[in-house]
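Only one structure is covered here, and it is reproduced in the block below.
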Amino acid sequence: MVAGRRLNPATSANDRLAGLRGLGDVFRYTRHALELVWSTSHALTFALGLLTLVAGVVPAGIAYVGAQIVDAVVAAIGAQRAGAALDLAHVLGYVALEGVLVAALAATQRGLSTCQSLLRAQLGQRVNEMILEKALTLELRHFEDSEFYDKLTRARREASSRPLALVMSSFGLVQNAIALVSFGALLAQFSPWAVVVLLLAGLPSFVAEAKFSGDAFRLFRWRSPETRMQMYLETVIAREDHAKEVKLFELGPRLLDRYRAIFRKVFAEDRALTIRRDTWGFFLGLVSTGAFYAAYAWVALSAVRGHITLGEMTMYVMLFRQGQAAVSASLSAIGGMYEDNLYLSTLYEYLDTPVDAGTGDRTAGPVPGDGLRFEHVTFTYPGSSEPAVSDVSFHLRPGESLALVGENGSGKTTLIKLLTRLYVPNGGRILLDGLDLAEWQPAALRRRIGVIFQDFARYQLKVGENIGAGDVRHFEDESRWRTAAELGMSAPFIEELPAGYGTQLGKWFKEGRELSGGQWQKIALSRAFMRAEADILVLDEPTAAMDARAEAQVFEQFQALARERMVILISHRFSTVRMADQILVIADGSVLERGSHEQLMALGGHYAGLFSLQARGYR
């Protein structure tokens, strides 16, 4: 299982090869991150750059002035012992200058922190909007693919915070590079070898950091299914729509145990990685510490031998300490950029998901009034070997109704997904008014179709907005709400709600009102009627949660509507199916029988047997 994967020798060769390619391509997403930050706020990005430049130069200035202070003090003490007049102004002038530089550095660091805080909120919002905007363009097949959900989970978990981290690592690298140039210029006056030692001392820590960053990223990618399962378990345990069954069946403790088990497995991997990373970090850090004190001894001996002044010794020690910190910070920034690039790749992996552009641009067919035609339509779901729909053909004219009958999984709802272009047939074609659906403009096609699915959405919005969702062009049009509610037969109970069409539905928000299953179904039915120009009405189990009286009323309404529209009905209740002009009996994705109720009963086949079996239950 994915959950049980570890970093092991069997995969290490491939991982190392992939890691080498990754190091060569490590900064591939840095440009994207910089573009994101720049487009989010030009002013803040410019301020970050300017403050970074100042923060890189000022520390060297502080070290240089510090050396001048020490030498000025030593000179003043020597002059005093020699009986000369004290030159305190020289000493105090350097002290004041260092105070100004320290204050400038503090102000610069505070400015950097402020810019980061302001950008963090704006950039997080920007990236989340990009993720959601991409989601709006995706096809249904993406949302029904578990691997794609893993990709989406990874993008949402980390990528919204990573761009700023990557940019700050980039600016930090520039800042430390500037500091190192200024430190190196001063250290080179002591010895060029001091600069070499300074640069080499931090390399072991960097190599370890980069290696463990890659390991952490691989764990992150492998863990996506477990992370998603934890999120799902949280939803089941803590959501009101699951609470009844969780309590009644006493599922809570078992689900919580599973939630804890996933955490223990994930934590064990984290603990092992953390221990390895910190152990290697400690021992490799000793190399840097040893290099610093060797350089310290070298500088101290040079001062004792009179090769440098006491002030210069103080400056070189400070430069070496700060330079080593800058080298370490630079290498850590590179390691951080490597890790951030790895994580940011998940965002662009998601954003670059290919999507069918839906290039059709026609808004009307060449044969108005011809209706809907399925011609030898075949479709197989991605990843499946068996077709869900095979060689299905029928013709539905305006003013006619068609019922689809069959067992669960026979392909009925798949036909509706194909009609609404949520999926595209692998074979055959679907025509509306003589025009292939592929040539229709997607928005124009969907305006022609009103749908209520069996698993319709229950939006935690106001009643009117729940209905208005059926046509976003009239989302807030109360007159359209009322018309659709009358057609969907939800108007009577809506008028009795505390705020009518302004009543909040669901329990997620304050003063939310929960409806019965039948009432929710009428809301969904009303939503289907929001598209007044829709001449294809698709009803997938539209009365499953209604009582017998409400069901009879709904189908009386359907019969009236069918005189003006094409109606496609999916239902397991044969008392309603028999009202349709045509009935298709679907089995294993193929049409088994077709005809009117009377014709199919006379045929004495599969439909007649199912009808008789259901009728006996009412005797």
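Order determines the names: the first chain of the structure tokens is A, the second B, and so forth; residues in each chain are numbered 1 upward, and ligands are numbered 1 upward as they are shown.
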
From a DSSP pass on the backbone, collect the residues of region 300-434 of chain A flagged as alpha helix (DSSP H) and hand them back as a PyMOL selection string. chain A and resi 300-304+310-351+412-419

Give me, as a short mmCIF file (atom, residue, chain, number, x, y, z; two decimals) with N, CA and C atoms, in the first residue's frame, all polymer residues having an atom no more than 8 Å from region 482-495 of chain A, counting only C-alpha atoms and skipping those fewer than 3 positions away in the same chain.
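And here is the file that came out, around.cif:
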```
data_model
loop_
_atom_site.label_atom_id
_atom_site.label_comp_id
_atom_site.auth_asym_id
_atom_site.auth_seq_id
_atom_site.Cartn_x
_atom_site.Cartn_y
_atom_site.Cartn_z
N VAL A 463 -32.75 30.20 0.58
CA VAL A 463 -33.68 29.42 -0.24
C VAL A 463 -33.66 29.93 -1.68
N ILE A 467 -32.41 28.04 -5.32
CA ILE A 467 -33.18 27.91 -6.56
C ILE A 467 -32.48 28.64 -7.70
N GLU A 478 -35.57 37.57 -7.83
CA GLU A 478 -36.61 36.97 -6.98
C GLU A 478 -37.84 36.58 -7.78
N SER A 479 -38.19 37.33 -8.83
CA SER A 479 -39.36 36.97 -9.63
C SER A 479 -39.15 35.63 -10.32
N GLY A 500 -39.12 33.34 4.32
CA GLY A 500 -39.49 33.02 2.95
C GLY A 500 -38.27 32.65 2.12
N TYR A 501 -38.12 33.31 0.97
CA TYR A 501 -37.00 33.01 0.07
C TYR A 501 -35.67 33.51 0.64
N GLN A 519 -38.65 18.02 0.76
CA GLN A 519 -38.59 19.47 0.53
C GLN A 519 -37.31 19.86 -0.21
N LYS A 522 -37.78 19.09 -3.82
CA LYS A 522 -38.58 20.09 -4.52
C LYS A 522 -37.77 21.36 -4.79
N ILE A 523 -36.87 21.72 -3.87
CA ILE A 523 -35.98 22.86 -4.11
C ILE A 523 -35.10 22.56 -5.34
N LEU A 525 -35.77 20.48 -7.73
CA LEU A 525 -36.65 20.45 -8.90
C LEU A 525 -36.93 21.88 -9.39
N SER A 526 -37.16 22.78 -8.46
CA SER A 526 -37.38 24.19 -8.80
C SER A 526 -36.14 24.78 -9.46
N ARG A 527 -34.97 24.37 -8.99
CA ARG A 527 -33.71 24.83 -9.57
C ARG A 527 -33.63 24.46 -11.05
N ALA A 528 -34.13 23.26 -11.39
CA ALA A 528 -34.11 22.82 -12.79
C ALA A 528 -34.99 23.69 -13.67
N PHE A 529 -36.03 24.32 -13.06
CA PHE A 529 -36.96 25.14 -13.83
C PHE A 529 -36.50 26.59 -13.95
N MET A 530 -35.33 26.93 -13.34
CA MET A 530 -34.84 28.31 -13.45
C MET A 530 -34.50 28.68 -14.90
N VAL A 554 -46.22 15.84 -8.81
CA VAL A 554 -45.05 16.12 -9.64
C VAL A 554 -45.25 15.58 -11.04
N GLN A 557 -47.57 17.41 -13.19
CA GLN A 557 -46.85 18.60 -13.69
C GLN A 557 -45.97 18.23 -14.88
#
```

Could you pull out the strand (DSSP E or B) residues of region 254-395 of chain A, going by DSSP on the backbone, and write them as a VMD selection string? chain A and resid 362 372 to 379 389 to 395

Can you pull out the residues contacting region 51-57 of chain A? Cut-off 8 Å, using only C-alpha atoms, and skip same-chain residues under 6 positions away; I want them as number ranges by chain. A: 105, 108-109, 111-112, 171-172, 174-179, 182

Given the selection you just returned, output its residues as a file containing C-alpha atoms, formatted as a short mmCIF file (atom, residue, chain, number, x, y, z; two decimals), in the first residue's frame.
```cif
data_model
loop_
_atom_site.label_atom_id
_atom_site.label_comp_id
_atom_site.auth_asym_id
_atom_site.auth_seq_id
_atom_site.Cartn_x
_atom_site.Cartn_y
_atom_site.Cartn_z
CA LEU A 105 19.65 47.62 10.08
CA THR A 108 15.43 47.43 7.48
CA GLN A 109 14.68 44.09 9.16
CA GLY A 111 10.52 46.69 7.03
CA LEU A 112 11.28 43.27 5.54
CA PHE A 171 15.66 37.63 -1.67
CA GLY A 172 17.48 36.18 1.33
CA VAL A 174 20.58 37.90 -2.73
CA GLN A 175 20.92 39.67 0.63
CA ASN A 176 23.47 37.15 1.90
CA ALA A 177 25.34 37.21 -1.42
CA ILE A 178 25.69 40.99 -1.13
CA ALA A 179 26.83 40.62 2.47
CA SER A 182 31.29 42.97 1.23
#
```

Between A:Ala106, A:Val591, A:Ala300, A:Leu435, which residue has the minimum interatomic distance to Phe394 (chain A), considering only C-alpha atoms? A:Val591

Residue with smallest distance to Glu234 (chain A) - pool A:Val58, A:Val70, A:Ala75, A:Leu256, counting only C-alpha atoms: A:Leu256

Do you know which residues are at most 10 Å from Gly66 (chain A) counting only C-alpha atoms, after dropping those on the same chain fewer than 6 positions away, and could you put them as JSON, numbers by chain? {"A": [60, 72, 94, 95, 97, 98, 311, 312, 314, 315, 318]}

Would you write out those residues with all heavy atoms, as an mmCIF file, in the first residue's frame?
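Written file, part04.cif:
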```cif
data_model
loop_
_atom_site.group_PDB
_atom_site.id
_atom_site.type_symbol
_atom_site.label_atom_id
_atom_site.label_comp_id
_atom_site.auth_asym_id
_atom_site.auth_seq_id
_atom_site.Cartn_x
_atom_site.Cartn_y
_atom_site.Cartn_z
ATOM 1 N N ALA A 60 28.317 44.711 6.950
ATOM 2 C CA ALA A 60 29.758 44.926 6.725
ATOM 3 C C ALA A 60 30.176 46.308 7.212
ATOM 4 O O ALA A 60 31.268 46.493 7.787
ATOM 5 C CB ALA A 60 30.087 44.767 5.236
ATOM 6 N N ALA A 72 40.441 53.286 17.584
ATOM 7 C CA ALA A 72 40.400 54.656 18.111
ATOM 8 C C ALA A 72 40.545 54.638 19.623
ATOM 9 O O ALA A 72 41.236 55.502 20.212
ATOM 10 C CB ALA A 72 39.089 55.337 17.704
ATOM 11 N N TYR A 94 32.650 57.673 15.883
ATOM 12 C CA TYR A 94 32.485 56.307 15.366
ATOM 13 C C TYR A 94 31.353 55.557 16.089
ATOM 14 O O TYR A 94 30.594 54.797 15.474
ATOM 15 C CB TYR A 94 33.793 55.530 15.503
ATOM 16 C CG TYR A 94 34.784 55.812 14.391
ATOM 17 C CD1 TYR A 94 36.067 56.270 14.669
ATOM 18 C CD2 TYR A 94 34.423 55.603 13.067
ATOM 19 C CE1 TYR A 94 36.987 56.532 13.643
ATOM 20 C CE2 TYR A 94 35.329 55.858 12.032
ATOM 21 C CZ TYR A 94 36.602 56.316 12.333
ATOM 22 O OH TYR A 94 37.490 56.564 11.312
ATOM 23 N N VAL A 95 31.267 55.787 17.424
ATOM 24 C CA VAL A 95 30.193 55.131 18.198
ATOM 25 C C VAL A 95 28.828 55.593 17.688
ATOM 26 O O VAL A 95 27.907 54.791 17.503
ATOM 27 C CB VAL A 95 30.353 55.431 19.699
ATOM 28 C CG1 VAL A 95 29.108 54.960 20.475
ATOM 29 C CG2 VAL A 95 31.605 54.756 20.251
ATOM 30 N N LEU A 97 28.143 56.754 14.704
ATOM 31 C CA LEU A 97 27.921 56.209 13.362
ATOM 32 C C LEU A 97 27.472 54.749 13.429
ATOM 33 O O LEU A 97 26.561 54.333 12.698
ATOM 34 C CB LEU A 97 29.215 56.326 12.549
ATOM 35 C CG LEU A 97 29.158 55.773 11.113
ATOM 36 C CD1 LEU A 97 28.044 56.440 10.317
ATOM 37 C CD2 LEU A 97 30.507 55.937 10.424
ATOM 38 N N GLU A 98 28.109 53.980 14.318
ATOM 39 C CA GLU A 98 27.671 52.574 14.456
ATOM 40 C C GLU A 98 26.241 52.502 14.964
ATOM 41 O O GLU A 98 25.449 51.657 14.525
ATOM 42 C CB GLU A 98 28.600 51.813 15.400
ATOM 43 C CG GLU A 98 28.199 50.341 15.534
ATOM 44 C CD GLU A 98 29.173 49.539 16.361
ATOM 45 O OE1 GLU A 98 30.396 49.638 16.122
ATOM 46 O OE2 GLU A 98 28.702 48.792 17.242
ATOM 47 N N GLY A 311 41.886 46.260 16.592
ATOM 48 C CA GLY A 311 40.619 46.573 15.932
ATOM 49 C C GLY A 311 40.398 45.703 14.712
ATOM 50 O O GLY A 311 39.284 45.238 14.453
ATOM 51 N N GLU A 312 41.476 45.471 13.937
ATOM 52 C CA GLU A 312 41.355 44.610 12.764
ATOM 53 C C GLU A 312 41.037 43.176 13.178
ATOM 54 O O GLU A 312 40.246 42.474 12.524
ATOM 55 C CB GLU A 312 42.637 44.660 11.945
ATOM 56 C CG GLU A 312 42.836 45.990 11.218
ATOM 57 C CD GLU A 312 44.185 46.088 10.523
ATOM 58 O OE1 GLU A 312 45.158 45.472 11.046
ATOM 59 O OE2 GLU A 312 44.269 46.764 9.495
ATOM 60 N N THR A 314 39.376 42.294 15.830
ATOM 61 C CA THR A 314 37.953 42.287 16.192
ATOM 62 C C THR A 314 37.078 42.259 14.939
ATOM 63 O O THR A 314 36.099 41.523 14.858
ATOM 64 C CB THR A 314 37.618 43.535 17.029
ATOM 65 O OG1 THR A 314 38.480 43.590 18.170
ATOM 66 C CG2 THR A 314 36.180 43.497 17.484
ATOM 67 N N MET A 315 37.468 43.041 13.935
ATOM 68 C CA MET A 315 36.677 43.099 12.709
ATOM 69 C C MET A 315 36.708 41.763 11.973
ATOM 70 O O MET A 315 35.665 41.263 11.526
ATOM 71 C CB MET A 315 37.209 44.208 11.797
ATOM 72 C CG MET A 315 36.451 44.320 10.472
ATOM 73 S SD MET A 315 37.112 45.613 9.383
ATOM 74 C CE MET A 315 38.680 44.862 8.901
ATOM 75 N N MET A 318 34.654 39.165 13.713
ATOM 76 C CA MET A 318 33.241 39.454 13.498
ATOM 77 C C MET A 318 32.827 39.123 12.062
ATOM 78 O O MET A 318 31.766 38.546 11.817
ATOM 79 C CB MET A 318 32.943 40.922 13.813
ATOM 80 C CG MET A 318 31.463 41.295 13.686
ATOM 81 S SD MET A 318 31.179 43.062 14.021
ATOM 82 C CE MET A 318 31.710 43.163 15.722
#
```
